[in-house]
Amino acid sequence: MSTERTETAVRASDQDRDDVLVRLHTAYAEGRLDEGELAERIDLVLAARTH
């Protein structure tokens with residue numbers, strides 16, 4: 001019998017994505033991200049299906 005543990009990717013919820021978008025916009029407002037970085041990261045967040 002195999003004792004391998006297979007980890008299943010946890011699906012990201014709409015709320016998870018919304019939380020990250022708020023954090024990104026906060027970082028942008030604080031000057032920690034420039035406009036290009038913000039746009040790139042927003043695209044990644046909106047395309048994310050799992051954590």
# chains A, B, ... in the order shown; residues from 1 in each chain; ligands from 1
$ residues_around --residues "range 44-46 of chain A" --least-positions-apart "5" --cutoff "9 Å" --atoms "only C-alpha atoms" --output "PDB file with N, CA and C atoms, in the first residue's frame"
ATOM      1  N   ARG A  17      -9.800  36.509  -3.987  1.00  0.00           N
ATOM      2  CA  ARG A  17      -9.280  37.412  -5.023  1.00  0.00           C
ATOM      3  C   ARG A  17      -9.551  38.872  -4.656  1.00  0.00           C
ATOM      4  N   ASP A  18     -10.747  39.150  -4.146  1.00  0.00           N
ATOM      5  CA  ASP A  18     -11.078  40.519  -3.741  1.00  0.00           C
ATOM      6  C   ASP A  18     -10.142  41.017  -2.638  1.00  0.00           C
ATOM      7  N   VAL A  20      -7.065  40.121  -2.063  1.00  0.00           N
ATOM      8  CA  VAL A  20      -5.743  40.398  -2.629  1.00  0.00           C
ATOM      9  C   VAL A  20      -5.780  41.692  -3.445  1.00  0.00           C
ATOM     10  N   LEU A  21      -6.864  41.934  -4.167  1.00  0.00           N
ATOM     11  CA  LEU A  21      -6.974  43.177  -4.941  1.00  0.00           C
ATOM     12  C   LEU A  21      -6.941  44.397  -4.027  1.00  0.00           C
ATOM     13  N   ALA A  39      -0.892  46.675 -12.501  1.00  0.00           N
ATOM     14  CA  ALA A  39      -1.663  46.092 -13.598  1.00  0.00           C
ATOM     15  C   ALA A  39      -1.292  44.617 -13.820  1.00  0.00           C
TER      16      ALA A  39
END
$ residues_around --residues "Ser13 in chain A" --least-positions-apart "2" --cutoff "10 Å" --atoms "only C-alpha atoms" --output "list in words"
Val10, Arg11, Gln15, Asp16, Arg17, Asp18, Asp19, Ala48, Arg49, Thr50 and His51 of chain A
$ write_last_selection --atoms "all heavy atoms" --output "mmCIF file, in the first residue's frame"
data_model
loop_
_atom_site.group_PDB
_atom_site.id
_atom_site.type_symbol
_atom_site.label_atom_id
_atom_site.label_comp_id
_atom_site.auth_asym_id
_atom_site.auth_seq_id
_atom_site.Cartn_x
_atom_site.Cartn_y
_atom_site.Cartn_z
ATOM 1 N N VAL A 10 -5.976 24.137 -3.457
ATOM 2 C CA VAL A 10 -7.160 24.756 -2.868
ATOM 3 C C VAL A 10 -7.674 25.816 -3.823
ATOM 4 O O VAL A 10 -6.927 26.687 -4.262
ATOM 5 C CB VAL A 10 -6.827 25.385 -1.499
ATOM 6 C CG1 VAL A 10 -8.042 26.083 -0.914
ATOM 7 C CG2 VAL A 10 -6.294 24.326 -0.557
ATOM 8 N N ARG A 11 -8.942 25.714 -4.156
ATOM 9 C CA ARG A 11 -9.551 26.688 -5.061
ATOM 10 C C ARG A 11 -9.619 28.062 -4.400
ATOM 11 O O ARG A 11 -9.911 28.186 -3.219
ATOM 12 C CB ARG A 11 -10.972 26.244 -5.438
ATOM 13 C CG ARG A 11 -11.057 24.949 -6.210
ATOM 14 C CD ARG A 11 -10.746 25.095 -7.649
ATOM 15 N NE ARG A 11 -11.746 25.907 -8.312
ATOM 16 C CZ ARG A 11 -11.749 26.157 -9.603
ATOM 17 N NH1 ARG A 11 -10.820 25.660 -10.379
ATOM 18 N NH2 ARG A 11 -12.662 26.913 -10.140
ATOM 19 N N GLN A 15 -13.930 35.944 -2.905
ATOM 20 C CA GLN A 15 -13.525 36.753 -1.746
ATOM 21 C C GLN A 15 -12.007 36.753 -1.587
ATOM 22 O O GLN A 15 -11.417 37.787 -1.278
ATOM 23 C CB GLN A 15 -14.186 36.234 -0.463
ATOM 24 C CG GLN A 15 -13.890 37.097 0.741
ATOM 25 C CD GLN A 15 -14.446 38.510 0.604
ATOM 26 O OE1 GLN A 15 -15.623 38.681 0.342
ATOM 27 N NE2 GLN A 15 -13.608 39.514 0.772
ATOM 28 N N ASP A 16 -11.360 35.609 -1.828
ATOM 29 C CA ASP A 16 -9.897 35.544 -1.764
ATOM 30 C C ASP A 16 -9.286 36.522 -2.765
ATOM 31 O O ASP A 16 -8.368 37.274 -2.432
ATOM 32 C CB ASP A 16 -9.380 34.137 -2.088
ATOM 33 C CG ASP A 16 -9.741 33.098 -1.056
ATOM 34 O OD1 ASP A 16 -9.887 33.458 0.132
ATOM 35 O OD2 ASP A 16 -9.871 31.918 -1.438
ATOM 36 N N ARG A 17 -9.800 36.509 -3.987
ATOM 37 C CA ARG A 17 -9.280 37.412 -5.023
ATOM 38 C C ARG A 17 -9.551 38.872 -4.656
ATOM 39 O O ARG A 17 -8.680 39.720 -4.813
ATOM 40 C CB ARG A 17 -9.866 37.053 -6.386
ATOM 41 C CG ARG A 17 -9.233 35.806 -7.004
ATOM 42 C CD ARG A 17 -9.750 35.530 -8.398
ATOM 43 N NE ARG A 17 -11.094 34.979 -8.361
ATOM 44 C CZ ARG A 17 -11.364 33.695 -8.153
ATOM 45 N NH1 ARG A 17 -10.393 32.836 -7.978
ATOM 46 N NH2 ARG A 17 -12.599 33.265 -8.138
ATOM 47 N N ASP A 18 -10.747 39.150 -4.146
ATOM 48 C CA ASP A 18 -11.078 40.519 -3.741
ATOM 49 C C ASP A 18 -10.142 41.017 -2.638
ATOM 50 O O ASP A 18 -9.691 42.165 -2.676
ATOM 51 C CB ASP A 18 -12.528 40.611 -3.256
ATOM 52 C CG ASP A 18 -13.546 40.478 -4.376
ATOM 53 O OD1 ASP A 18 -13.163 40.574 -5.563
ATOM 54 O OD2 ASP A 18 -14.734 40.264 -4.056
ATOM 55 N N ASP A 19 -9.844 40.152 -1.679
ATOM 56 C CA ASP A 19 -8.939 40.528 -0.584
ATOM 57 C C ASP A 19 -7.558 40.898 -1.115
ATOM 58 O O ASP A 19 -6.944 41.878 -0.677
ATOM 59 C CB ASP A 19 -8.808 39.394 0.433
ATOM 60 C CG ASP A 19 -10.082 39.140 1.220
ATOM 61 O OD1 ASP A 19 -10.994 40.005 1.200
ATOM 62 O OD2 ASP A 19 -10.159 38.066 1.848
ATOM 63 N N ALA A 48 -6.265 33.779 -11.393
ATOM 64 C CA ALA A 48 -5.967 32.707 -10.450
ATOM 65 C C ALA A 48 -7.200 31.854 -10.185
ATOM 66 O O ALA A 48 -8.299 32.366 -9.964
ATOM 67 C CB ALA A 48 -5.463 33.293 -9.133
ATOM 68 N N ARG A 49 -6.990 30.553 -10.208
ATOM 69 C CA ARG A 49 -8.064 29.607 -9.894
ATOM 70 C C ARG A 49 -7.802 28.872 -8.587
ATOM 71 O O ARG A 49 -8.701 28.369 -7.956
ATOM 72 C CB ARG A 49 -8.221 28.576 -11.024
ATOM 73 C CG ARG A 49 -8.614 29.186 -12.353
ATOM 74 C CD ARG A 49 -10.037 29.710 -12.292
ATOM 75 N NE ARG A 49 -10.358 30.459 -13.488
ATOM 76 C CZ ARG A 49 -10.690 31.735 -13.506
ATOM 77 N NH1 ARG A 49 -10.741 32.413 -12.393
ATOM 78 N NH2 ARG A 49 -10.964 32.351 -14.623
ATOM 79 N N THR A 50 -6.508 28.801 -8.206
ATOM 80 C CA THR A 50 -6.120 28.124 -6.970
ATOM 81 C C THR A 50 -5.152 28.991 -6.195
ATOM 82 O O THR A 50 -4.619 29.965 -6.723
ATOM 83 C CB THR A 50 -5.447 26.769 -7.254
ATOM 84 O OG1 THR A 50 -4.272 26.989 -8.040
ATOM 85 C CG2 THR A 50 -6.386 25.819 -7.971
ATOM 86 N N HIS A 51 -4.919 28.645 -4.946
ATOM 87 C CA HIS A 51 -3.949 29.361 -4.117
ATOM 88 C C HIS A 51 -2.558 28.977 -4.550
ATOM 89 O O HIS A 51 -2.267 27.918 -4.967
ATOM 90 C CB HIS A 51 -4.111 29.013 -2.634
ATOM 91 C CG HIS A 51 -5.319 29.659 -2.032
ATOM 92 N ND1 HIS A 51 -5.262 30.791 -1.284
ATOM 93 C CD2 HIS A 51 -6.621 29.320 -2.088
ATOM 94 C CE1 HIS A 51 -6.479 31.124 -0.887
ATOM 95 N NE2 HIS A 51 -7.310 30.253 -1.361
#
$ atom_distance --atom1 "CA of Glu37 in chain A" --atom2 "CA of His25 in chain A"
10.8 Å
$ select_by_dssp --residues "range 6-50 of chain A" --states "helix (DSSP H, G or I)" --output "ChimeraX atom specification"
/A:14-29,35-47
